[in-house]
There are 4 protein chains.
Amino acid sequence: MSFLKDSKAKTKKVIFFGDSITQAGAQPGGYISLMKSMLSQQGITDYDLIGAGIGGNKVYDLYLRMPEDVLAQSPDIVVIWVGVNDVWHKSSYGTGTDPDKFEKFYQAIIDKLKAKNIKIILSTPAAIGEKTDFSNQQDGDMNEYSNIIRRIASKNNLALVDLRKAFLDYNLKNNPVNKDRGILTTDRVHLNASGNQLVADEMWRIIKNL
Amino acid sequence: MSFLKDSKAKTKKVIFFGDSITQAGAQPGGYISLMKSMLSQQGITDYDLIGAGIGGNKVYDLYLRMPEDVLAQSPDIVVIWVGVNDVWHKSSYGTGTDPDKFEKFYQAIIDKLKAKNIKIILSTPAAIGEKTDFSNQQDGDMNEYSNIIRRIASKNNLALVDLRKAFLDYNLKNNPVNKDRGILTTDRVHLNASGNQLVADEMWRIIKNL
Amino acid sequence: MSFLKDSKAKTKKVIFFGDSITQAGAQPGGYISLMKSMLSQQGITDYDLIGAGIGGNKVYDLYLRMPEDVLAQSPDIVVIWVGVNDVWHKSSYGTGTDPDKFEKFYQAIIDKLKAKNIKIILSTPAAIGEKTDFSNQQDGDMNEYSNIIRRIASKNNLALVDLRKAFLDYNLKNNPVNKDRGILTTDRVHLNASGNQLVADEMWRIIKNL
Amino acid sequence: MSFLKDSKAKTKKVIFFGDSITQAGAQPGGYISLMKSMLSQQGITDYDLIGAGIGGNKVYDLYLRMPEDVLAQSPDIVVIWVGVNDVWHKSSYGTGTDPDKFEKFYQAIIDKLKAKNIKIILSTPAAIGEKTDFSNQQDGDMNEYSNIIRRIASKNNLALVDLRKAFLDYNLKNNPVNKDRGILTTDRVHLNASGNQLVADEMWRIIKNL
């Protein structure tokens with residue numbers, strides 16, 4: 001019985017907490033689904049991967065729905081991936097998030113997870129546009145908010161999946177004509193097959209070593 | 001001695017929780033200072049009026065600084081007056097507050113105050129521009145966010161100081177040439193002497209009956 | 001022969017110059033198509049109604065495409081109907097039109113038409129949202145830009161189709177529950193059957209008397 | 001007589017056509033004033049340098065005031081330097097300029113100057129923030145609108161002062177701690193002494209060879 005308990009009870013529940021990109025990530029072909037397939041093929045059975053993405057979410061939407069969507073599920077690990085809408089909604093609705101408020105709510109989420117001894121992985125927002133000469137409209141903010149997340153990760157001594165950097169590096173190699181979409185995204189933001197695979201690879205590399 | 005105790009010990013601590021308008025309200029000539037003078041002149045000594053306004057604050061700024069600036073002070077009554085920046089920052093920074101998020105954070109503030117048995121008074125945002133034909137740029141949102149606050153007050157059975165209505169009524173009588181400032185505000189938003197007096201009167205009328 | 005010439009040569013070419021609402025107005029069921037049917041039923045044959053609407057157009061888009069789309073066609077009358085995107089694009093793209101620039105380009109269009117002795121009819125932008133308590137987000141600007149157009153009409157002694165007023169009056173009678181769409185629009189902006197009929201009626205009333 | 005003609009009659013009138021940066025450029029210490037001093041020190045007397053900058057101007061403001069402020073003065077050379085407000089006003093007022101409209105009005109200005117055989121020099125917008133890792137909020141648009149201007153210069157075979165590139169190159173050498181102001185600007189946008197000198201040098205290098 002203790003043997004059974006040992007071999008069974010160690011399943012690690014991982015919640016992917018984010019926006020529409022993560023919502024799509026739980027669909028067939030999405031990055032969470034790809035990770036599940038990878039684990040299954042490798043015979044790794046002790047991870048339970050759960051998508052908790054909602055379209056349009058900004059950092060304070062995550063904060064507001066933490067109790068039900070994260071804490072109530074008692075996860076072992078939470079991967080936070082947010083920021084695109086905090087930046088994008090500035091120009092599309094006038095309701096983006098100030099950088100200092102972005103940091104405060106991000107830290108408040110971390111504090112609540114830490115208080116429950118939940119392991120935390122941060123991710124930088126990948127892209128709003130894939131042009132590599134930093135001429136995508138939101139590149140300034142995307143770089144700045146990624147800097148903020150890197151600083152939060154460092155300050156809190158947390159693991160970071162630097163998707164902003166990974167996407168740029170990939171595009172520098174694979175986007176020679178400076179297209180704004182179609183390399184890792186379908187529409188400048190949401191992931192195509194290559195994008196989902198890249199995110200699955202980058203995230204799993206960090207999750208497995210946590 | 002018990003008489004003295006009765007008459008003295010019941011000092012009610014009132015915190016005015018808001019943005020730059022409330023920050024100025026605690027200065028000489030501001031609406032909180034005027035209320036203090038009125039009370040003093042009327043020999044009313046059992047109220048302690050405290051300003052807790054910070055310039056630029058939106059509803060979630062109030063939420064974030066509640067623990068230190070409100071709860072830690074154990075007030076009897078909190079007057080919440082917020083909304084101008086939630087609307088205004090849409091066009092001036094791209095970081096205004098979505099209506100549904102405005103309501104959620106407003107309710108979250110109320111829930112925390114209720115949990116401590118603190119009495120709550122809500123106020124609608126008065127003005128960004130004093131023109132009376134609803135041609136001030138933000139009038140649509142100002143009316144909508146005021147509707148939201150009225151709905152929150154009703155749903156939570158809370159007292160409301162409807163400054164949006166009070167300012168419009170006053171301007172309909174006293175602003176015949178449809179000026180955008182100078183009647184109750186200096187700059188379309190912040191209060192002049194008449195504005196401070198009007199707010200002091202409107203607020204005290206509700207506070208004293210709470 | 002001269003009789004025939006007299007009775008035939010007087011066809012008046014009317015160009016409807018505007019945005020997506022006018023682009024749809026030239027489609028079956030649209031306000032221009034309805035006006036054509038009305039004229040046909042009444043045996044009025046001396047008007048040639050031409051749609052020149054392009055989706056997303058702001059006042060300076062009209063200005064830029066005047067030479068080809070208006071002047072090159074030598075119209076007798078031009079009905080200008082613009083303003084919704086000048087207001088709307090402020091929050092949806094950050095590229096709306098400043099009020100003073102709106103007035104300058106509007107006047108520049110009028111000056112070019114006047115120089116060709118083309119008769120001009122102005123229209124106010126009807127609606128971005130049909131709520132009647134001025135709580136539609138853009139109501140402040142919609143009222144202000146309508147005021148600007150009314151002032152331009154007055155200053156230039158031009159006929160005005162005040163659709164902003166007509167839509168509000170209609171909604172005050174027919175929108176008792178303060179809905180934001182579905183009375184005269186499908187989506188807060190673009191016209192449903194009732195909206196197209198109202199615009200056709202209001203415009204024809206002015207055109208026939210010009 | 002031909003000697004006199006050569007030495008005297010050839011004074012070249014140069015108009016610097018732009019926004020607040022150029023308005024300040026005509027003040028003592030400004031880049032136009034510095035250029036005048038340089039020319040005077042070098043004994044170059046056949047240039048008349050004239051500032052025509054107005055604060056807040058976007059590309060279509062330049063277009064609208066061309067007749068009076070440029071064409072009426074019959075310049076030999078016009079240096080166009082615009083773009084900062086076309087980008088900046090997106091977030092500060094919601095009234096920035098769409099990229100395609102920016103290009104159309106820019107080309108319309110060029111066409112009018114070409115029709116008068118006036119020589120034209122274009123400049124890219126230098127900076128809204130001096131951080132060198134492209135994390136200034138408007139960097140994406142600043143790079144994109146600079147690309148547009150470079151394309152216009154190339155298409156029209158016009159001289160270009162690439163201040164965007166010059167400022168970045170200078171900052172990469174002289175801004176090791178990634179400050180957002182104080183290297184070439186006082187406030188992220190307007191020029192300090194070093195900035196005025198850099199612009200004077202860069203512009204004169206192109207003007208003298210035109």
# chains A, B, ... in the order shown; residues from 1 in each chain; ligands from 1
$ interface_residues --of "chain D" --to "chain B" --cutoff "7 Å" --atoms "only C-alpha atoms" --output "NGL selection string"
:D and (91-94)
$ residues_around --residues "Lys131 (chain B)" --least-positions-apart "2" --cutoff "7 Å" --atoms "only C-alpha atoms" --output "VMD selection string"
chain B and resid 129 133 to 136 178 to 180
$ write_last_selection --atoms "N, CA and C atoms" --output "PDB file, in the first residue's frame"
ATOM      1  N   GLY B 129     -15.010  67.930 -17.490  1.00  0.00           N
ATOM      2  CA  GLY B 129     -15.678  68.920 -18.344  1.00  0.00           C
ATOM      3  C   GLY B 129     -17.063  69.219 -17.832  1.00  0.00           C
ATOM      4  N   ASP B 133     -24.406  69.915 -22.326  1.00  0.00           N
ATOM      5  CA  ASP B 133     -25.081  69.235 -23.449  1.00  0.00           C
ATOM      6  C   ASP B 133     -24.425  67.897 -23.767  1.00  0.00           C
ATOM      7  N   PHE B 134     -23.717  67.355 -22.811  1.00  0.00           N
ATOM      8  CA  PHE B 134     -23.050  66.052 -22.948  1.00  0.00           C
ATOM      9  C   PHE B 134     -22.117  66.023 -24.144  1.00  0.00           C
ATOM     10  N   SER B 135     -21.416  67.123 -24.352  1.00  0.00           N
ATOM     11  CA  SER B 135     -20.420  67.156 -25.426  1.00  0.00           C
ATOM     12  C   SER B 135     -19.002  67.234 -24.882  1.00  0.00           C
ATOM     13  N   ASN B 136     -18.807  67.011 -23.573  1.00  0.00           N
ATOM     14  CA  ASN B 136     -17.464  66.799 -23.042  1.00  0.00           C
ATOM     15  C   ASN B 136     -16.994  65.423 -23.514  1.00  0.00           C
ATOM     16  N   ASN B 178     -22.497  77.218 -21.356  1.00  0.00           N
ATOM     17  CA  ASN B 178     -21.934  75.902 -21.692  1.00  0.00           C
ATOM     18  C   ASN B 178     -20.403  75.877 -21.646  1.00  0.00           C
ATOM     19  N   LYS B 179     -19.826  76.507 -20.629  1.00  0.00           N
ATOM     20  CA  LYS B 179     -18.381  76.479 -20.454  1.00  0.00           C
ATOM     21  C   LYS B 179     -17.935  75.093 -19.992  1.00  0.00           C
ATOM     22  N   ASP B 180     -16.699  74.730 -20.287  1.00  0.00           N
ATOM     23  CA  ASP B 180     -16.239  73.390 -19.888  1.00  0.00           C
ATOM     24  C   ASP B 180     -15.529  73.401 -18.533  1.00  0.00           C
TER      25      ASP B 180
END
$ closest_residue --among "D:Asp141, D:Asp201, D:Asp169, D:Asp86" --to "Lys101 (chain D)" --atoms "only C-alpha atoms"
D:Asp86
$ closest_residue --among "A:Ile207, A:Ala153, A:Ile118, A:Leu71" --to "Met35 (chain A)" --atoms "only C-alpha atoms"
A:Ile207
$ atom_distance --atom1 "CA of Gln138 (chain A)" --atom2 "CA of Val84 (chain A)"
9.4 Å
$ select_by_dssp --residues "region 8-141 of chain B" --states "alpha helix (DSSP H)" --output "JSON, numbers by chain"
{"B": [8, 9, 20, 21, 22, 23, 24, 25, 31, 32, 33, 34, 35, 36, 37, 38, 39, 40, 41, 59, 60, 61, 62, 63, 64, 65, 66, 67, 68, 69, 84, 85, 86, 87, 88, 89, 90, 91, 92, 99, 100, 101, 102, 103, 104, 105, 106, 107, 108, 109, 110, 111, 112, 113, 114, 115, 139, 140, 141]}
$ residues_around --residues "Ser123 (chain A)" --least-positions-apart "5" --cutoff "6 Å" --atoms "only C-alpha atoms" --output "list in words"
Trp81, Leu160, Val161 and Asp162 of chain A
$ residues_around --residues "Gly56 (chain B)" --least-positions-apart "2" --cutoff "7 Å" --atoms "only C-alpha atoms" --output "PDB file with N, CA, C and O atoms, in the first residue's frame"
ATOM      1  N   ASP B  19      -8.802  59.746  -5.341  1.00  0.00           N
ATOM      2  CA  ASP B  19      -7.729  60.135  -6.262  1.00  0.00           C
ATOM      3  C   ASP B  19      -7.235  61.557  -5.967  1.00  0.00           C
ATOM      4  O   ASP B  19      -7.287  62.007  -4.824  1.00  0.00           O
ATOM      5  N   SER B  20      -6.725  62.232  -6.979  1.00  0.00           N
ATOM      6  CA  SER B  20      -6.153  63.565  -6.778  1.00  0.00           C
ATOM      7  C   SER B  20      -7.177  64.578  -6.257  1.00  0.00           C
ATOM      8  O   SER B  20      -6.809  65.527  -5.576  1.00  0.00           O
ATOM      9  N   ILE B  54      -4.838  59.770  -3.500  1.00  0.00           N
ATOM     10  CA  ILE B  54      -3.553  59.812  -4.195  1.00  0.00           C
ATOM     11  C   ILE B  54      -3.800  60.077  -5.680  1.00  0.00           C
ATOM     12  O   ILE B  54      -4.629  59.417  -6.318  1.00  0.00           O
ATOM     13  N   LYS B  58      -6.769  54.838  -9.887  1.00  0.00           N
ATOM     14  CA  LYS B  58      -7.924  54.180 -10.475  1.00  0.00           C
ATOM     15  C   LYS B  58      -8.448  53.181  -9.457  1.00  0.00           C
ATOM     16  O   LYS B  58      -7.858  52.997  -8.401  1.00  0.00           O
ATOM     17  N   ASN B  85     -10.111  58.787 -13.268  1.00  0.00           N
ATOM     18  CA  ASN B  85      -8.916  58.280 -13.966  1.00  0.00           C
ATOM     19  C   ASN B  85      -9.182  56.975 -14.710  1.00  0.00           C
ATOM     20  O   ASN B  85      -8.534  56.701 -15.724  1.00  0.00           O
TER      21      ASN B  85
END
$ residues_around --residues "Arg150 (chain B)" --least-positions-apart "4" --cutoff "8 Å" --atoms "only C-alpha atoms" --output "PyMOL selection string"
chain B and resi 124+146+154+160
$ residues_around --residues "Lys12 (chain B)" --least-positions-apart "5" --cutoff "8 Å" --atoms "only C-alpha atoms" --output "MDAnalysis selection string"
chainID B and resid 46:48 75:77
$ select_by_dssp --residues "region 3-210 of chain D" --states "strand (DSSP E or B)" --output "PyMOL selection string"
chain D and resi 12-18+47-53+77-81+95+119-123+159-161+185+191
$ residues_around --residues "Gly182 (chain A)" --least-positions-apart "6" --cutoff "9 Å" --atoms "only C-alpha atoms" --output "list in words"
Glu130, Arg188 and Asn192 of chain A
$ write_last_selection --atoms "all heavy atoms" --output "short mmCIF file (atom, residue, chain, number, x, y, z; two decimals), in the first residue's frame"
data_model
loop_
_atom_site.label_atom_id
_atom_site.label_comp_id
_atom_site.auth_asym_id
_atom_site.auth_seq_id
_atom_site.Cartn_x
_atom_site.Cartn_y
_atom_site.Cartn_z
N GLU A 130 5.83 39.59 -35.87
CA GLU A 130 7.06 38.81 -35.90
C GLU A 130 8.21 39.49 -36.64
O GLU A 130 9.26 38.87 -36.85
CB GLU A 130 6.79 37.43 -36.51
CG GLU A 130 5.75 36.63 -35.75
CD GLU A 130 5.72 35.16 -36.19
OE1 GLU A 130 6.76 34.50 -36.12
OE2 GLU A 130 4.64 34.70 -36.61
N ARG A 188 0.04 37.23 -36.02
CA ARG A 188 0.96 38.09 -35.28
C ARG A 188 0.98 37.75 -33.78
O ARG A 188 1.94 38.10 -33.10
CB ARG A 188 0.63 39.59 -35.43
CG ARG A 188 0.62 40.06 -36.87
CD ARG A 188 0.58 41.59 -36.96
NE ARG A 188 -0.50 42.14 -36.19
CZ ARG A 188 -0.38 43.18 -35.37
NH1 ARG A 188 0.77 43.80 -35.24
NH2 ARG A 188 -1.42 43.62 -34.70
N ASN A 192 0.82 29.26 -34.58
CA ASN A 192 0.62 28.22 -35.59
C ASN A 192 1.30 26.94 -35.09
O ASN A 192 1.76 26.87 -33.94
CB ASN A 192 1.15 28.69 -36.96
CG ASN A 192 2.67 28.86 -36.98
OD1 ASN A 192 3.36 28.43 -36.05
ND2 ASN A 192 3.17 29.48 -38.03
#
$ atom_distance --atom1 "CA of Thr132 (chain B)" --atom2 "CA of Thr185 (chain B)"
13.7 Å
$ atom_distance --atom1 "CA of Pro125 (chain A)" --atom2 "CA of Leu168 (chain A)"
11.3 Å
